[in-house]
Amino acid sequence: MVTSSIPRPPARSGLSSLPFVFGVLLHLALACGLVVAGIAHADDSEALPAEGPYFQIERGEPGLDRLPLKSTQVDVKIAGVIADVTVTQRYRNEGSKPIEARYVFPGSTRAAVHGMTVHLGGRIITAQIREKQRARDEYEQARREGKTSALLEQSRPNLFQMNVANILPGDDVRVELRYTELIAPTEGRYQFVFPTVAGPRYHRPSSAGGSSSLPAMPFLHAGAESASTFDLQVALDAPLPVSEITSTSHEIQVSGAKRTQATVRLKNIKGQNNRDFILDYRLAGDRTATGLMLYRGEEENFFLAVVEPPRAITPAQINPREYVFVLDVSGSMWGYPLDTAKVLMRNLIGHLRPSDTFNVMLFSGSNVMLSPVPIPATQENIERAIATIGRTQGGGGTEIVPALRHIAALPKNDDVSRTVVVVTDGYVSVEEEVFRLVRQNLGNSNVFAFGIGSSVNRMLIEGIARAGQGEAFVVTRPEQAAEQAERLRHMIDSPVLTSLTATFEGLDVYDVEPAQLPDVLGGRPVLLWGKWHSTGDENPEGQLVLEGHAANGDYQEIVPVPSPSANAVALRHLWSRARIAQLSDEEALHGNDSQRGPITALGLRYGLLTQYTSFIAVDQVVRTDTAAVPVDQASPMPQGVSDRAVGVEVPGTPEPGLLLSLLVVAAVLVRATRRRLAA
């Protein structure tokens, strides 16, 4: 028998044993890397192309203007269901050295960006649409030659990069972007969203086998106000009086309320660009400006159908369901976002029916399930789940792909309908991989996505819902959680329209999107795009017939064909944007650039910014022979997001599984100590 030569500590009793317990816990924490003074952050001297977000450090380099973006002005005109938006970015070089301003900023997920002009010293330079690499080559050549030039590229459908080269000292450069988007009503409510800041996107470092196509993104520290101002105004022109004009994100001034024309302005322009601008409104009488819209062009004719689904009919009996809640507890969710998510989860889980079963996954760099198998929605289990979630703190990376793979591998009872609910801020750079995983592996479930925070990655949230045949929700404040949770229950519990078909009688249509209509959830409108053949100058006749199956029997909706509208020219861009989105979904499914050719052709033909086409504007005047210094414009940290969202990976960052394990160890030690005290 082998004996230890280490002397045994003397026996202790009473409270003197507590230091030993705390010492063990501290040793465990240190061994697991949980005691961290702070997340290690990179600064701008460490930033590399196509790497993660970082904090910009003011070096005080003489004569260099490090924040050249002075203001952003947004002018919005909404007519019916179409919004035309002009964004003016003003760059001014207040230093003594020529600079190249580089700025990463967000856009609407529905935007069809179709124009860009540059204003410089009284000259107006109209940008041209080019194949992406050709545009990049033209820009680099102009930059080297000392010409002022601007390049707009798409990193994601909702994330863009602007480069403006050779801004000379004293130059005032205005870059105007123009886009259009559709504002479809949901349950009679309209919402216009303008994202102002892109949240820090988590990525796996290349040293860990990861890769990222996103440009490096500098940020100010949480709470630091941007020196760049943000102003926005909206002009509403509706067929019916506009009512209930509100904003949950910004203080606004409204004129013309309860009229067919109204104007909305911001009350302040400073400190307003750290969160999405959200405008909600209704039309009088709960009616919507929906129906069929036609446009006659010189070469092609386009149509758009926006049709409200039937009112929900509560079924006499609702079949049992299994719910899987997937909650992001990574570093970017720490604090306010996670607190908001906890309120949402209490509302979602707290109102499950006794016949339902559920499970909860907490994920960051790793993931952990509440239970190995689904558990009944008893009051005891619901309270246990809510208490577990309530103890969770944010930390670690955002490894959403392994989390969803785990969910996809869960066994499923064929007799039970499964609903997967993903709750996250979406600050990742693996959107296409996520969409592909959802389509290929979660086809037997309805997948709903909740975006949490003031500036969520709407591309990820909406893409998950689209791939999973579900719906996207955004919760910016805790007080919205109950309403959004109720909206989800309404959609799930309400009967849907299935086997939906659309038939045009008397109108020859083609290139219709989508090719197959999805099931219709309660309160969500049906959108149908396409082209139609003209038979001359006379107005077309006919009707659109929608047919399907509802809970109470067969459903039919007939929409008469109206006369073409000269004001509907935006349908040209909106149709091409919808077709590009469909091709992009198909490309993501196959995991390569299989649709590069068709997408590029559409972008060039219709003058749209895509992942394969860019806008390039070049001033032909050679203005300097001094190399411009690259300057990356820093963005404010999104409201409610902490500095933990930015930084290099720390192997010891606390993960949910490890935290729960430590809690178990702590409980055992505390119980043992109490027994010793009692003895």
# chains A, B, ... in the order shown; residues from 1 in each chain; ligands from 1
>>> residues_around(residues="segment 352-367 of chain A", least_positions_apart="4", cutoff="6 Å", atoms="only C-alpha atoms", output="list in words")
Pro320, Arg321, Glu322, Tyr323, Val324, Phe325, Val326, Leu327, Asp328, Val329, Ser330, Pro374, Ile375, Pro376, Ala377, Thr378, Gly396, Gly397, Thr398 and Glu399 of chain A
>>> write_last_selection(atoms="N, CA and C atoms", output="CSV table (one decimal), in the first residue's frame")
chain,number,residue,atom,x,y,z
A,320,PRO,N,-51.3,18.7,-28.7
A,320,PRO,CA,-50.1,18.9,-27.9
A,320,PRO,C,-48.9,19.2,-28.8
A,321,ARG,N,-48.0,20.1,-28.2
A,321,ARG,CA,-46.8,20.5,-28.9
A,321,ARG,C,-45.5,20.3,-28.1
A,322,GLU,N,-44.4,20.1,-28.7
A,322,GLU,CA,-43.1,20.1,-28.0
A,322,GLU,C,-42.4,21.4,-28.4
A,323,TYR,N,-41.9,22.1,-27.4
A,323,TYR,CA,-41.2,23.3,-27.6
A,323,TYR,C,-39.7,23.1,-27.2
A,324,VAL,N,-38.8,23.6,-28.1
A,324,VAL,CA,-37.4,23.7,-27.7
A,324,VAL,C,-36.9,25.1,-27.8
A,325,PHE,N,-36.5,25.7,-26.6
A,325,PHE,CA,-36.1,27.1,-26.5
A,325,PHE,C,-34.6,27.1,-26.5
A,326,VAL,N,-34.0,27.8,-27.5
A,326,VAL,CA,-32.6,27.9,-27.7
A,326,VAL,C,-32.1,29.3,-27.3
A,327,LEU,N,-31.5,29.5,-26.2
A,327,LEU,CA,-31.2,30.8,-25.6
A,327,LEU,C,-29.7,31.1,-25.7
A,328,ASP,N,-29.3,32.2,-26.4
A,328,ASP,CA,-28.0,32.7,-26.5
A,328,ASP,C,-27.6,33.4,-25.2
A,329,VAL,N,-26.5,32.9,-24.5
A,329,VAL,CA,-26.0,33.5,-23.3
A,329,VAL,C,-24.5,33.9,-23.5
A,330,SER,N,-24.2,34.3,-24.7
A,330,SER,CA,-22.8,34.7,-25.0
A,330,SER,C,-22.5,36.1,-24.4
A,374,PRO,N,-37.4,15.9,-23.4
A,374,PRO,CA,-38.4,16.9,-23.2
A,374,PRO,C,-39.2,16.6,-21.9
A,375,ILE,N,-39.6,17.6,-21.2
A,375,ILE,CA,-40.2,17.4,-19.9
A,375,ILE,C,-41.6,18.0,-19.9
A,376,PRO,N,-42.6,17.5,-19.2
A,376,PRO,CA,-44.0,18.0,-19.2
A,376,PRO,C,-44.0,19.5,-18.7
A,377,ALA,N,-44.9,20.3,-19.2
A,377,ALA,CA,-45.0,21.7,-18.8
A,377,ALA,C,-45.8,21.8,-17.5
A,378,THR,N,-45.3,21.1,-16.5
A,378,THR,CA,-46.0,21.2,-15.2
A,378,THR,C,-45.5,22.5,-14.5
A,396,GLY,N,-18.6,34.4,-23.1
A,396,GLY,CA,-18.1,33.5,-24.0
A,396,GLY,C,-18.5,33.8,-25.5
A,397,GLY,N,-18.1,33.0,-26.4
A,397,GLY,CA,-18.4,33.2,-27.8
A,397,GLY,C,-19.8,32.9,-28.2
A,398,THR,N,-20.2,33.0,-29.4
A,398,THR,CA,-21.6,32.8,-29.9
A,398,THR,C,-21.5,31.6,-30.9
A,399,GLU,N,-21.3,30.4,-30.4
A,399,GLU,CA,-21.2,29.2,-31.2
A,399,GLU,C,-22.6,28.7,-31.5
>>> atom_distance(atom1="atom CA of Lys97 of chain A", atom2="atom CA of Gly271 of chain A")
27.8 Å
>>> select_by_dssp(residues="segment 192-390 of chain A", states="helix (DSSP H, G or I)", output="VMD selection string")
chain A and resid 206 to 208 284 to 286 331 to 333 336 to 350 379 to 390
>>> write_last_selection(atoms="C-alpha atoms", output="short mmCIF file (atom, residue, chain, number, x, y, z; two decimals), in the first residue's frame")
data_model
loop_
_atom_site.label_atom_id
_atom_site.label_comp_id
_atom_site.auth_asym_id
_atom_site.auth_seq_id
_atom_site.Cartn_x
_atom_site.Cartn_y
_atom_site.Cartn_z
CA SER A 206 -8.44 31.47 -37.87
CA SER A 207 -6.12 29.93 -35.29
CA ALA A 208 -9.13 27.91 -34.11
CA ALA A 284 -57.77 54.35 -39.73
CA GLY A 285 -60.38 51.67 -39.22
CA ASP A 286 -57.79 48.87 -39.03
CA GLY A 331 -20.75 37.78 -24.02
CA SER A 332 -22.68 40.20 -26.25
CA MET A 333 -25.89 39.22 -24.43
CA TYR A 336 -29.46 44.40 -20.65
CA PRO A 337 -29.99 42.05 -23.66
CA LEU A 338 -29.93 38.93 -21.50
CA ASP A 339 -32.18 40.57 -18.91
CA THR A 340 -34.64 41.28 -21.74
CA ALA A 341 -34.33 37.70 -22.99
CA LYS A 342 -35.06 36.39 -19.50
CA VAL A 343 -38.31 38.38 -19.37
CA LEU A 344 -39.22 36.99 -22.79
CA MET A 345 -38.43 33.41 -21.72
CA ARG A 346 -40.58 33.79 -18.60
CA ASN A 347 -43.47 34.84 -20.82
CA LEU A 348 -42.90 32.06 -23.37
CA ILE A 349 -42.37 29.21 -20.91
CA GLY A 350 -44.75 30.48 -18.27
CA GLN A 379 -45.85 24.21 -12.87
CA GLU A 380 -42.87 22.69 -11.05
CA ASN A 381 -40.89 22.15 -14.26
CA ILE A 382 -41.75 25.61 -15.56
CA GLU A 383 -40.58 27.24 -12.32
CA ARG A 384 -37.36 25.18 -12.37
CA ALA A 385 -36.63 26.23 -15.95
CA ILE A 386 -37.32 29.90 -15.24
CA ALA A 387 -35.11 29.80 -12.13
CA THR A 388 -32.24 28.20 -14.09
CA ILE A 389 -32.48 30.83 -16.80
CA GLY A 390 -32.67 33.57 -14.18
#
>>> atom_distance(atom1="atom CA of Ile464 of chain A", atom2="atom CA of Ala449 of chain A")
6.4 Å
>>> decode(residues="segment 267-397 of chain A", atoms="C-alpha atoms", output="mmCIF file, in the first residue's frame")
data_model
loop_
_atom_site.group_PDB
_atom_site.id
_atom_site.type_symbol
_atom_site.label_atom_id
_atom_site.label_comp_id
_atom_site.auth_asym_id
_atom_site.auth_seq_id
_atom_site.Cartn_x
_atom_site.Cartn_y
_atom_site.Cartn_z
ATOM 1 C CA LYS A 267 -36.446 65.471 -31.544
ATOM 2 C CA ASN A 268 -32.656 65.216 -31.175
ATOM 3 C CA ILE A 269 -29.823 64.428 -33.592
ATOM 4 C CA LYS A 270 -26.968 63.660 -31.175
ATOM 5 C CA GLY A 271 -26.583 60.297 -29.500
ATOM 6 C CA GLN A 272 -29.281 58.744 -31.693
ATOM 7 C CA ASN A 273 -27.193 56.394 -33.839
ATOM 8 C CA ASN A 274 -26.629 53.547 -31.375
ATOM 9 C CA ARG A 275 -29.900 51.691 -31.988
ATOM 10 C CA ASP A 276 -32.395 50.871 -34.733
ATOM 11 C CA PHE A 277 -34.942 53.553 -35.532
ATOM 12 C CA ILE A 278 -38.378 51.901 -35.346
ATOM 13 C CA LEU A 279 -41.597 53.591 -36.490
ATOM 14 C CA ASP A 280 -44.998 51.954 -36.028
ATOM 15 C CA TYR A 281 -48.322 53.169 -37.375
ATOM 16 C CA ARG A 282 -51.789 52.036 -38.395
ATOM 17 C CA LEU A 283 -54.358 53.160 -40.903
ATOM 18 C CA ALA A 284 -57.769 54.353 -39.733
ATOM 19 C CA GLY A 285 -60.385 51.669 -39.222
ATOM 20 C CA ASP A 286 -57.789 48.869 -39.026
ATOM 21 C CA ARG A 287 -57.841 48.688 -42.811
ATOM 22 C CA THR A 288 -54.692 48.087 -44.808
ATOM 23 C CA ALA A 289 -53.449 49.403 -48.116
ATOM 24 C CA THR A 290 -53.232 45.938 -49.619
ATOM 25 C CA GLY A 291 -54.314 44.459 -52.890
ATOM 26 C CA LEU A 292 -52.794 44.110 -56.347
ATOM 27 C CA MET A 293 -50.460 46.732 -57.816
ATOM 28 C CA LEU A 294 -49.294 46.873 -61.470
ATOM 29 C CA TYR A 295 -46.531 48.836 -63.203
ATOM 30 C CA ARG A 296 -46.065 49.148 -66.976
ATOM 31 C CA GLY A 297 -42.431 49.722 -68.002
ATOM 32 C CA GLU A 298 -40.708 50.381 -71.307
ATOM 33 C CA GLU A 299 -39.381 46.824 -71.589
ATOM 34 C CA GLU A 300 -40.994 44.863 -68.764
ATOM 35 C CA ASN A 301 -44.149 45.058 -66.659
ATOM 36 C CA PHE A 302 -44.268 44.150 -62.959
ATOM 37 C CA PHE A 303 -46.901 43.338 -60.342
ATOM 38 C CA LEU A 304 -47.080 42.990 -56.557
ATOM 39 C CA ALA A 305 -49.836 41.318 -54.563
ATOM 40 C CA VAL A 306 -50.113 41.912 -50.809
ATOM 41 C CA VAL A 307 -53.096 40.004 -49.471
ATOM 42 C CA GLU A 308 -54.211 39.764 -45.843
ATOM 43 C CA PRO A 309 -54.867 36.229 -44.560
ATOM 44 C CA PRO A 310 -58.272 35.405 -43.074
ATOM 45 C CA ARG A 311 -58.901 36.311 -39.466
ATOM 46 C CA ALA A 312 -57.762 33.643 -37.043
ATOM 47 C CA ILE A 313 -60.349 31.111 -35.969
ATOM 48 C CA THR A 314 -59.633 29.473 -32.635
ATOM 49 C CA PRO A 315 -59.825 25.702 -33.102
ATOM 50 C CA ALA A 316 -61.929 23.668 -30.718
ATOM 51 C CA GLN A 317 -58.941 21.513 -29.820
ATOM 52 C CA ILE A 318 -55.235 22.268 -30.061
ATOM 53 C CA ASN A 319 -52.913 19.305 -30.437
ATOM 54 C CA PRO A 320 -50.067 18.908 -27.907
ATOM 55 C CA ARG A 321 -46.767 20.472 -28.935
ATOM 56 C CA GLU A 322 -43.122 20.112 -28.049
ATOM 57 C CA TYR A 323 -41.151 23.334 -27.624
ATOM 58 C CA VAL A 324 -37.369 23.672 -27.706
ATOM 59 C CA PHE A 325 -36.111 27.065 -26.544
ATOM 60 C CA VAL A 326 -32.560 27.914 -27.656
ATOM 61 C CA LEU A 327 -31.168 30.842 -25.634
ATOM 62 C CA ASP A 328 -27.968 32.735 -26.496
ATOM 63 C CA VAL A 329 -25.991 33.505 -23.302
ATOM 64 C CA SER A 330 -22.773 34.713 -24.968
ATOM 65 C CA GLY A 331 -20.750 37.780 -24.021
ATOM 66 C CA SER A 332 -22.681 40.200 -26.248
ATOM 67 C CA MET A 333 -25.886 39.222 -24.432
ATOM 68 C CA TRP A 334 -24.457 40.143 -21.019
ATOM 69 C CA GLY A 335 -26.497 42.647 -19.035
ATOM 70 C CA TYR A 336 -29.463 44.396 -20.647
ATOM 71 C CA PRO A 337 -29.986 42.048 -23.664
ATOM 72 C CA LEU A 338 -29.927 38.929 -21.500
ATOM 73 C CA ASP A 339 -32.181 40.569 -18.908
ATOM 74 C CA THR A 340 -34.641 41.282 -21.736
ATOM 75 C CA ALA A 341 -34.327 37.704 -22.989
ATOM 76 C CA LYS A 342 -35.063 36.389 -19.495
ATOM 77 C CA VAL A 343 -38.307 38.378 -19.366
ATOM 78 C CA LEU A 344 -39.221 36.986 -22.794
ATOM 79 C CA MET A 345 -38.434 33.414 -21.722
ATOM 80 C CA ARG A 346 -40.576 33.787 -18.601
ATOM 81 C CA ASN A 347 -43.469 34.840 -20.821
ATOM 82 C CA LEU A 348 -42.901 32.060 -23.367
ATOM 83 C CA ILE A 349 -42.370 29.211 -20.914
ATOM 84 C CA GLY A 350 -44.753 30.483 -18.267
ATOM 85 C CA HIS A 351 -47.784 30.185 -20.554
ATOM 86 C CA LEU A 352 -47.258 26.680 -21.914
ATOM 87 C CA ARG A 353 -50.238 24.352 -21.720
ATOM 88 C CA PRO A 354 -50.138 21.319 -19.375
ATOM 89 C CA SER A 355 -50.384 19.056 -22.437
ATOM 90 C CA ASP A 356 -47.161 20.514 -23.881
ATOM 91 C CA THR A 357 -43.597 19.324 -23.330
ATOM 92 C CA PHE A 358 -40.499 21.506 -23.529
ATOM 93 C CA ASN A 359 -36.745 21.773 -23.147
ATOM 94 C CA VAL A 360 -34.251 24.644 -22.885
ATOM 95 C CA MET A 361 -30.754 24.946 -24.331
ATOM 96 C CA LEU A 362 -28.305 27.604 -23.127
ATOM 97 C CA PHE A 363 -25.478 28.206 -25.568
ATOM 98 C CA SER A 364 -22.380 30.340 -25.948
ATOM 99 C CA GLY A 365 -18.993 28.719 -26.670
ATOM 100 C CA SER A 366 -20.551 25.440 -25.540
ATOM 101 C CA ASN A 367 -24.131 24.408 -24.873
ATOM 102 C CA VAL A 368 -26.144 22.641 -22.222
ATOM 103 C CA MET A 369 -29.697 21.271 -22.135
ATOM 104 C CA LEU A 370 -32.037 21.706 -19.191
ATOM 105 C CA SER A 371 -32.997 18.028 -19.487
ATOM 106 C CA PRO A 372 -31.818 15.045 -21.581
ATOM 107 C CA VAL A 373 -35.404 14.587 -22.792
ATOM 108 C CA PRO A 374 -38.447 16.874 -23.187
ATOM 109 C CA ILE A 375 -40.239 17.422 -19.875
ATOM 110 C CA PRO A 376 -43.960 18.027 -19.227
ATOM 111 C CA ALA A 377 -44.999 21.661 -18.822
ATOM 112 C CA THR A 378 -45.972 21.229 -15.190
ATOM 113 C CA GLN A 379 -45.853 24.210 -12.866
ATOM 114 C CA GLU A 380 -42.872 22.690 -11.048
ATOM 115 C CA ASN A 381 -40.885 22.146 -14.263
ATOM 116 C CA ILE A 382 -41.754 25.609 -15.564
ATOM 117 C CA GLU A 383 -40.581 27.236 -12.320
ATOM 118 C CA ARG A 384 -37.361 25.183 -12.369
ATOM 119 C CA ALA A 385 -36.626 26.233 -15.950
ATOM 120 C CA ILE A 386 -37.317 29.902 -15.240
ATOM 121 C CA ALA A 387 -35.109 29.797 -12.127
ATOM 122 C CA THR A 388 -32.242 28.198 -14.087
ATOM 123 C CA ILE A 389 -32.481 30.825 -16.797
ATOM 124 C CA GLY A 390 -32.674 33.574 -14.181
ATOM 125 C CA ARG A 391 -29.301 32.536 -12.704
ATOM 126 C CA THR A 392 -27.551 32.612 -16.073
ATOM 127 C CA GLN A 393 -24.969 35.309 -16.856
ATOM 128 C CA GLY A 394 -23.625 36.201 -20.300
ATOM 129 C CA GLY A 395 -20.104 35.197 -21.306
ATOM 130 C CA GLY A 396 -18.121 33.480 -24.045
ATOM 131 C CA GLY A 397 -18.424 33.236 -27.802
#
